[in-house]
Amino acid sequence: MHWIYLTIAICAEVAGTSALKASDGFTRVLPSVVVVISYGLAFVMLSQALRVFDLAVAYAIWSGAGIAAIALVGLWVYGQKLDLAGIIGIGMIVGGIVVVQLFSNSTD
């Protein structure tokens with residue numbers, strides 16, 4: 001169940017961050033409401049995942065997966081571009097998540 005909580009936390013954080021861009025500095029009501037609800041849900045779900053996961057590992061997975069997902073949202077939804085350094089950096093973050101998943105006993 002802790003993996004489900006962490007996955008929901010990641011998805012909610014990505015939704016909230018995407019809506020944050022759409023809120024235009026909190027000048028648009030609907031995206032602003034989505035930001036507040038999404039971040040609230042993200043933190044509640046992350047807190048539930050932390051009942052099982054080590055703090056550092058959960059936060060690394062949550063933030064790293066969120067960074068990679070937001071980069072894709074920025075590319076697809078907002079037409080933002082990543083240069084080679086950005087792609088390599090995000091690839092390294094994803095690689096770090098894979099290493100934690102495959103080799104760390106902290107995620108059991």
# chains A, B, ... in the order shown; residues from 1 in each chain; ligands from 1
$ residues_around --residues "Ala49 in chain A" --least-positions-apart "5" --cutoff "10 Å" --atoms "only C-alpha atoms" --output "CSV table (one decimal) with N, CA and C atoms, in the first residue's frame"
chain,number,residue,atom,x,y,z
A,1,MET,N,0.8,-1.2,0.0
A,1,MET,CA,0.0,0.0,0.0
A,1,MET,C,0.9,1.3,0.0
A,2,HIS,N,2.0,1.2,0.6
A,2,HIS,CA,2.9,2.3,0.7
A,2,HIS,C,3.4,2.8,-0.7
A,3,TRP,N,3.5,1.9,-1.6
A,3,TRP,CA,3.9,2.3,-3.0
A,3,TRP,C,2.7,3.0,-3.7
A,4,ILE,N,1.5,2.6,-3.4
A,4,ILE,CA,0.3,3.3,-3.9
A,4,ILE,C,0.3,4.8,-3.3
A,5,TYR,N,0.5,4.9,-2.1
A,5,TYR,CA,0.5,6.2,-1.4
A,5,TYR,C,1.6,7.1,-2.1
A,6,LEU,N,2.8,6.6,-2.3
A,6,LEU,CA,3.9,7.3,-2.9
A,6,LEU,C,3.5,7.7,-4.4
A,7,THR,N,2.9,6.8,-5.1
A,7,THR,CA,2.6,7.1,-6.5
A,7,THR,C,1.5,8.2,-6.6
A,8,ILE,N,0.5,8.1,-5.7
A,8,ILE,CA,-0.5,9.2,-5.6
A,8,ILE,C,0.1,10.5,-5.3
A,9,ALA,N,1.1,10.5,-4.3
A,9,ALA,CA,1.8,11.7,-3.9
A,9,ALA,C,2.5,12.3,-5.1
A,43,PHE,N,1.0,15.9,0.0
A,43,PHE,CA,1.6,15.9,1.3
A,43,PHE,C,0.9,14.8,2.2
A,44,VAL,N,-0.4,14.7,2.1
A,44,VAL,CA,-1.1,13.7,2.9
A,44,VAL,C,-0.6,12.3,2.5
A,54,ASP,N,11.9,5.0,4.5
A,54,ASP,CA,12.9,6.0,5.1
A,54,ASP,C,12.6,7.3,4.5
A,55,LEU,N,12.8,8.4,5.2
A,55,LEU,CA,12.5,9.7,4.8
A,55,LEU,C,13.3,10.1,3.6
A,58,ALA,N,12.2,8.1,0.4
A,58,ALA,CA,10.8,8.5,-0.1
A,58,ALA,C,10.9,9.8,-0.7
A,59,TYR,N,11.6,10.8,-0.1
A,59,TYR,CA,11.7,12.1,-0.7
A,59,TYR,C,12.5,12.1,-2.0
$ residues_around --residues "Ala68 in chain A" --least-positions-apart "6" --cutoff "8 Å" --atoms "only C-alpha atoms" --output "PyMOL selection string"
chain A and resi 90+93-94
$ select_by_dssp --residues "range 44-107 of chain A" --states "helix (DSSP H, G or I)" --output "VMD selection string"
chain A and resid 44 to 49 55 to 76 84 to 103 105 to 107
$ atom_distance --atom1 "CA of Gly66 in chain A" --atom2 "CA of Lys81 in chain A"
17.1 Å
$ closest_residue --among "A:Val33, A:Thr27, A:Ala22, A:Ala69" --to "Ile10 in chain A" --atoms "only C-alpha atoms"
A:Ala69
$ closest_residue --among "A:Trp62, A:Phe26, A:Val77, A:Val36" --to "Leu50 in chain A" --atoms "only C-alpha atoms"
A:Trp62
$ residues_around --residues "Gly16 in chain A" --least-positions-apart "2" --cutoff "8 Å" --atoms "only C-alpha atoms" --output "compact mmCIF listing (two decimals) with N, CA and C atoms, in the first residue's frame"
# COMPACT_ATOMS: atom_id res chain seq x y z
N ALA A 12 -0.08 13.69 -7.65
CA ALA A 12 -0.72 14.90 -7.13
C ALA A 12 0.24 16.08 -7.18
N GLU A 13 1.51 15.84 -6.87
CA GLU A 13 2.51 16.92 -6.92
C GLU A 13 2.70 17.40 -8.36
N VAL A 14 2.72 16.49 -9.30
CA VAL A 14 2.86 16.86 -10.72
C VAL A 14 1.63 17.65 -11.17
N SER A 18 1.83 21.55 -12.32
CA SER A 18 1.30 21.91 -13.64
C SER A 18 0.24 23.00 -13.51
N ALA A 19 -0.63 22.85 -12.54
CA ALA A 19 -1.67 23.85 -12.31
C ALA A 19 -1.07 25.17 -11.82
N LEU A 20 0.05 25.09 -11.10
CA LEU A 20 0.72 26.30 -10.64
C LEU A 20 1.14 27.17 -11.82
N VAL A 34 -6.91 23.97 -7.95
CA VAL A 34 -6.26 22.68 -8.24
C VAL A 34 -4.89 22.61 -7.56
N VAL A 35 -4.15 23.71 -7.54
CA VAL A 35 -2.85 23.74 -6.87
C VAL A 35 -3.00 23.38 -5.40
N VAL A 36 -3.89 24.06 -4.72
CA VAL A 36 -4.06 23.86 -3.28
C VAL A 36 -4.50 22.43 -2.97
N ILE A 37 -5.47 21.93 -3.71
CA ILE A 37 -5.97 20.57 -3.47
C ILE A 37 -4.89 19.53 -3.80
N SER A 38 -4.22 19.72 -4.92
CA SER A 38 -3.20 18.75 -5.34
C SER A 38 -2.04 18.69 -4.37
N TYR A 39 -1.54 19.85 -3.95
CA TYR A 39 -0.43 19.84 -2.99
C TYR A 39 -0.88 19.27 -1.64
$ closest_residue --among "A:Lys21, A:Met45, A:Ala15, A:Ser32" --to "Tyr78 in chain A" --atoms "only C-alpha atoms"
A:Lys21
$ atom_distance --atom1 "CA of Ser23 in chain A" --atom2 "CA of Asp83 in chain A"
25.7 Å
$ atom_distance --atom1 "CA of Ile67 in chain A" --atom2 "CA of Gln80 in chain A"
14.0 Å
$ closest_residue --among "A:Gly64, A:Gly25, A:Gly40, A:Gly79" --to "Met92 in chain A" --atoms "only C-alpha atoms"
A:Gly64
$ closest_residue --among "A:Val52, A:Gly86, A:Ser104, A:Leu30" --to "Ala71 in chain A" --atoms "only C-alpha atoms"
A:Gly86
$ decode --residues "range 37-79 of chain A" --atoms "N, CA and C atoms" --output "PDB file, in the first residue's frame"
ATOM      1  N   ILE A  37      -5.473  21.930  -3.710  1.00  0.00           N
ATOM      2  CA  ILE A  37      -5.970  20.572  -3.474  1.00  0.00           C
ATOM      3  C   ILE A  37      -4.893  19.534  -3.800  1.00  0.00           C
ATOM      4  N   SER A  38      -4.222  19.719  -4.919  1.00  0.00           N
ATOM      5  CA  SER A  38      -3.202  18.750  -5.339  1.00  0.00           C
ATOM      6  C   SER A  38      -2.040  18.686  -4.371  1.00  0.00           C
ATOM      7  N   TYR A  39      -1.537  19.848  -3.953  1.00  0.00           N
ATOM      8  CA  TYR A  39      -0.430  19.837  -2.991  1.00  0.00           C
ATOM      9  C   TYR A  39      -0.877  19.270  -1.645  1.00  0.00           C
ATOM     10  N   GLY A  40      -2.090  19.578  -1.224  1.00  0.00           N
ATOM     11  CA  GLY A  40      -2.604  18.995   0.012  1.00  0.00           C
ATOM     12  C   GLY A  40      -2.636  17.478  -0.067  1.00  0.00           C
ATOM     13  N   LEU A  41      -3.173  16.959  -1.166  1.00  0.00           N
ATOM     14  CA  LEU A  41      -3.224  15.509  -1.365  1.00  0.00           C
ATOM     15  C   LEU A  41      -1.818  14.923  -1.435  1.00  0.00           C
ATOM     16  N   ALA A  42      -0.914  15.599  -2.124  1.00  0.00           N
ATOM     17  CA  ALA A  42       0.458  15.100  -2.249  1.00  0.00           C
ATOM     18  C   ALA A  42       1.110  14.944  -0.879  1.00  0.00           C
ATOM     19  N   PHE A  43       0.953  15.936  -0.016  1.00  0.00           N
ATOM     20  CA  PHE A  43       1.581  15.864   1.296  1.00  0.00           C
ATOM     21  C   PHE A  43       0.911  14.836   2.201  1.00  0.00           C
ATOM     22  N   VAL A  44      -0.386  14.685   2.111  1.00  0.00           N
ATOM     23  CA  VAL A  44      -1.070  13.656   2.896  1.00  0.00           C
ATOM     24  C   VAL A  44      -0.602  12.266   2.471  1.00  0.00           C
ATOM     25  N   MET A  45      -0.535  12.032   1.165  1.00  0.00           N
ATOM     26  CA  MET A  45      -0.107  10.720   0.671  1.00  0.00           C
ATOM     27  C   MET A  45       1.367  10.466   0.967  1.00  0.00           C
ATOM     28  N   LEU A  46       2.205  11.502   0.833  1.00  0.00           N
ATOM     29  CA  LEU A  46       3.616  11.336   1.171  1.00  0.00           C
ATOM     30  C   LEU A  46       3.767  10.998   2.658  1.00  0.00           C
ATOM     31  N   SER A  47       2.981  11.637   3.504  1.00  0.00           N
ATOM     32  CA  SER A  47       3.070  11.342   4.938  1.00  0.00           C
ATOM     33  C   SER A  47       2.671   9.896   5.230  1.00  0.00           C
ATOM     34  N   GLN A  48       1.730   9.365   4.475  1.00  0.00           N
ATOM     35  CA  GLN A  48       1.345   7.964   4.659  1.00  0.00           C
ATOM     36  C   GLN A  48       2.459   7.025   4.182  1.00  0.00           C
ATOM     37  N   ALA A  49       3.082   7.377   3.074  1.00  0.00           N
ATOM     38  CA  ALA A  49       4.194   6.553   2.569  1.00  0.00           C
ATOM     39  C   ALA A  49       5.359   6.561   3.550  1.00  0.00           C
ATOM     40  N   LEU A  50       5.557   7.675   4.246  1.00  0.00           N
ATOM     41  CA  LEU A  50       6.664   7.785   5.198  1.00  0.00           C
ATOM     42  C   LEU A  50       6.484   6.899   6.420  1.00  0.00           C
ATOM     43  N   ARG A  51       5.319   6.323   6.591  1.00  0.00           N
ATOM     44  CA  ARG A  51       5.124   5.368   7.684  1.00  0.00           C
ATOM     45  C   ARG A  51       5.946   4.105   7.448  1.00  0.00           C
ATOM     46  N   VAL A  52       6.292   3.834   6.172  1.00  0.00           N
ATOM     47  CA  VAL A  52       7.048   2.635   5.816  1.00  0.00           C
ATOM     48  C   VAL A  52       8.435   2.989   5.283  1.00  0.00           C
ATOM     49  N   PHE A  53       8.495   3.953   4.376  1.00  0.00           N
ATOM     50  CA  PHE A  53       9.757   4.320   3.739  1.00  0.00           C
ATOM     51  C   PHE A  53      10.642   5.144   4.670  1.00  0.00           C
ATOM     52  N   ASP A  54      11.945   5.032   4.486  1.00  0.00           N
ATOM     53  CA  ASP A  54      12.866   5.976   5.104  1.00  0.00           C
ATOM     54  C   ASP A  54      12.628   7.341   4.476  1.00  0.00           C
ATOM     55  N   LEU A  55      12.791   8.380   5.248  1.00  0.00           N
ATOM     56  CA  LEU A  55      12.528   9.745   4.790  1.00  0.00           C
ATOM     57  C   LEU A  55      13.343  10.103   3.551  1.00  0.00           C
ATOM     58  N   ALA A  56      14.638   9.870   3.592  1.00  0.00           N
ATOM     59  CA  ALA A  56      15.502  10.259   2.476  1.00  0.00           C
ATOM     60  C   ALA A  56      15.128   9.524   1.191  1.00  0.00           C
ATOM     61  N   VAL A  57      14.829   8.257   1.305  1.00  0.00           N
ATOM     62  CA  VAL A  57      14.489   7.459   0.132  1.00  0.00           C
ATOM     63  C   VAL A  57      13.150   7.901  -0.453  1.00  0.00           C
ATOM     64  N   ALA A  58      12.152   8.063   0.402  1.00  0.00           N
ATOM     65  CA  ALA A  58      10.829   8.486  -0.082  1.00  0.00           C
ATOM     66  C   ALA A  58      10.907   9.847  -0.742  1.00  0.00           C
ATOM     67  N   TYR A  59      11.621  10.768  -0.119  1.00  0.00           N
ATOM     68  CA  TYR A  59      11.722  12.108  -0.684  1.00  0.00           C
ATOM     69  C   TYR A  59      12.492  12.095  -1.994  1.00  0.00           C
ATOM     70  N   ALA A  60      13.533  11.286  -2.089  1.00  0.00           N
ATOM     71  CA  ALA A  60      14.302  11.185  -3.324  1.00  0.00           C
ATOM     72  C   ALA A  60      13.434  10.651  -4.465  1.00  0.00           C
ATOM     73  N   ILE A  61      12.655   9.631  -4.184  1.00  0.00           N
ATOM     74  CA  ILE A  61      11.783   9.067  -5.213  1.00  0.00           C
ATOM     75  C   ILE A  61      10.697  10.065  -5.584  1.00  0.00           C
ATOM     76  N   TRP A  62      10.061  10.669  -4.585  1.00  0.00           N
ATOM     77  CA  TRP A  62       8.976  11.624  -4.810  1.00  0.00           C
ATOM     78  C   TRP A  62       9.453  12.819  -5.623  1.00  0.00           C
ATOM     79  N   SER A  63      10.524  13.427  -5.196  1.00  0.00           N
ATOM     80  CA  SER A  63      10.988  14.628  -5.887  1.00  0.00           C
ATOM     81  C   SER A  63      11.610  14.294  -7.238  1.00  0.00           C
ATOM     82  N   GLY A  64      12.371  13.218  -7.309  1.00  0.00           N
ATOM     83  CA  GLY A  64      13.009  12.848  -8.577  1.00  0.00           C
ATOM     84  C   GLY A  64      12.005  12.469  -9.654  1.00  0.00           C
ATOM     85  N   ALA A  65      11.039  11.650  -9.282  1.00  0.00           N
ATOM     86  CA  ALA A  65      10.007  11.271 -10.253  1.00  0.00           C
ATOM     87  C   ALA A  65       9.181  12.493 -10.650  1.00  0.00           C
ATOM     88  N   GLY A  66       8.929  13.370  -9.677  1.00  0.00           N
ATOM     89  CA  GLY A  66       8.195  14.600  -9.977  1.00  0.00           C
ATOM     90  C   GLY A  66       8.943  15.493 -10.953  1.00  0.00           C
ATOM     91  N   ILE A  67      10.258  15.632 -10.769  1.00  0.00           N
ATOM     92  CA  ILE A  67      11.073  16.439 -11.676  1.00  0.00           C
ATOM     93  C   ILE A  67      10.999  15.892 -13.094  1.00  0.00           C
ATOM     94  N   ALA A  68      11.170  14.596 -13.235  1.00  0.00           N
ATOM     95  CA  ALA A  68      11.126  13.985 -14.568  1.00  0.00           C
ATOM     96  C   ALA A  68       9.748  14.150 -15.198  1.00  0.00           C
ATOM     97  N   ALA A  69       8.706  13.935 -14.425  1.00  0.00           N
ATOM     98  CA  ALA A  69       7.346  14.057 -14.961  1.00  0.00           C
ATOM     99  C   ALA A  69       7.023  15.502 -15.335  1.00  0.00           C
ATOM    100  N   ILE A  70       7.446  16.459 -14.511  1.00  0.00           N
ATOM    101  CA  ILE A  70       7.196  17.866 -14.814  1.00  0.00           C
ATOM    102  C   ILE A  70       7.953  18.295 -16.063  1.00  0.00           C
ATOM    103  N   ALA A  71       9.123  17.756 -16.273  1.00  0.00           N
ATOM    104  CA  ALA A  71       9.857  18.064 -17.505  1.00  0.00           C
ATOM    105  C   ALA A  71       9.056  17.619 -18.729  1.00  0.00           C
ATOM    106  N   LEU A  72       8.430  16.449 -18.630  1.00  0.00           N
ATOM    107  CA  LEU A  72       7.601  15.966 -19.743  1.00  0.00           C
ATOM    108  C   LEU A  72       6.346  16.811 -19.918  1.00  0.00           C
ATOM    109  N   VAL A  73       5.713  17.199 -18.808  1.00  0.00           N
ATOM    110  CA  VAL A  73       4.532  18.071 -18.876  1.00  0.00           C
ATOM    111  C   VAL A  73       4.921  19.406 -19.514  1.00  0.00           C
ATOM    112  N   GLY A  74       6.053  19.957 -19.089  1.00  0.00           N
ATOM    113  CA  GLY A  74       6.518  21.213 -19.673  1.00  0.00           C
ATOM    114  C   GLY A  74       6.736  21.089 -21.169  1.00  0.00           C
ATOM    115  N   LEU A  75       7.274  19.975 -21.591  1.00  0.00           N
ATOM    116  CA  LEU A  75       7.518  19.723 -23.013  1.00  0.00           C
ATOM    117  C   LEU A  75       6.213  19.573 -23.783  1.00  0.00           C
ATOM    118  N   TRP A  76       5.328  18.705 -23.288  1.00  0.00           N
ATOM    119  CA  TRP A  76       4.110  18.376 -24.031  1.00  0.00           C
ATOM    120  C   TRP A  76       3.010  19.425 -23.893  1.00  0.00           C
ATOM    121  N   VAL A  77       2.803  19.938 -22.705  1.00  0.00           N
ATOM    122  CA  VAL A  77       1.676  20.841 -22.465  1.00  0.00           C
ATOM    123  C   VAL A  77       2.045  22.297 -22.742  1.00  0.00           C
ATOM    124  N   TYR A  78       3.239  22.689 -22.285  1.00  0.00           N
ATOM    125  CA  TYR A  78       3.605  24.103 -22.368  1.00  0.00           C
ATOM    126  C   TYR A  78       4.608  24.406 -23.483  1.00  0.00           C
ATOM    127  N   GLY A  79       5.004  23.396 -24.240  1.00  0.00           N
ATOM    128  CA  GLY A  79       5.917  23.613 -25.355  1.00  0.00           C
ATOM    129  C   GLY A  79       7.308  24.052 -24.944  1.00  0.00           C
TER     130      GLY A  79
END
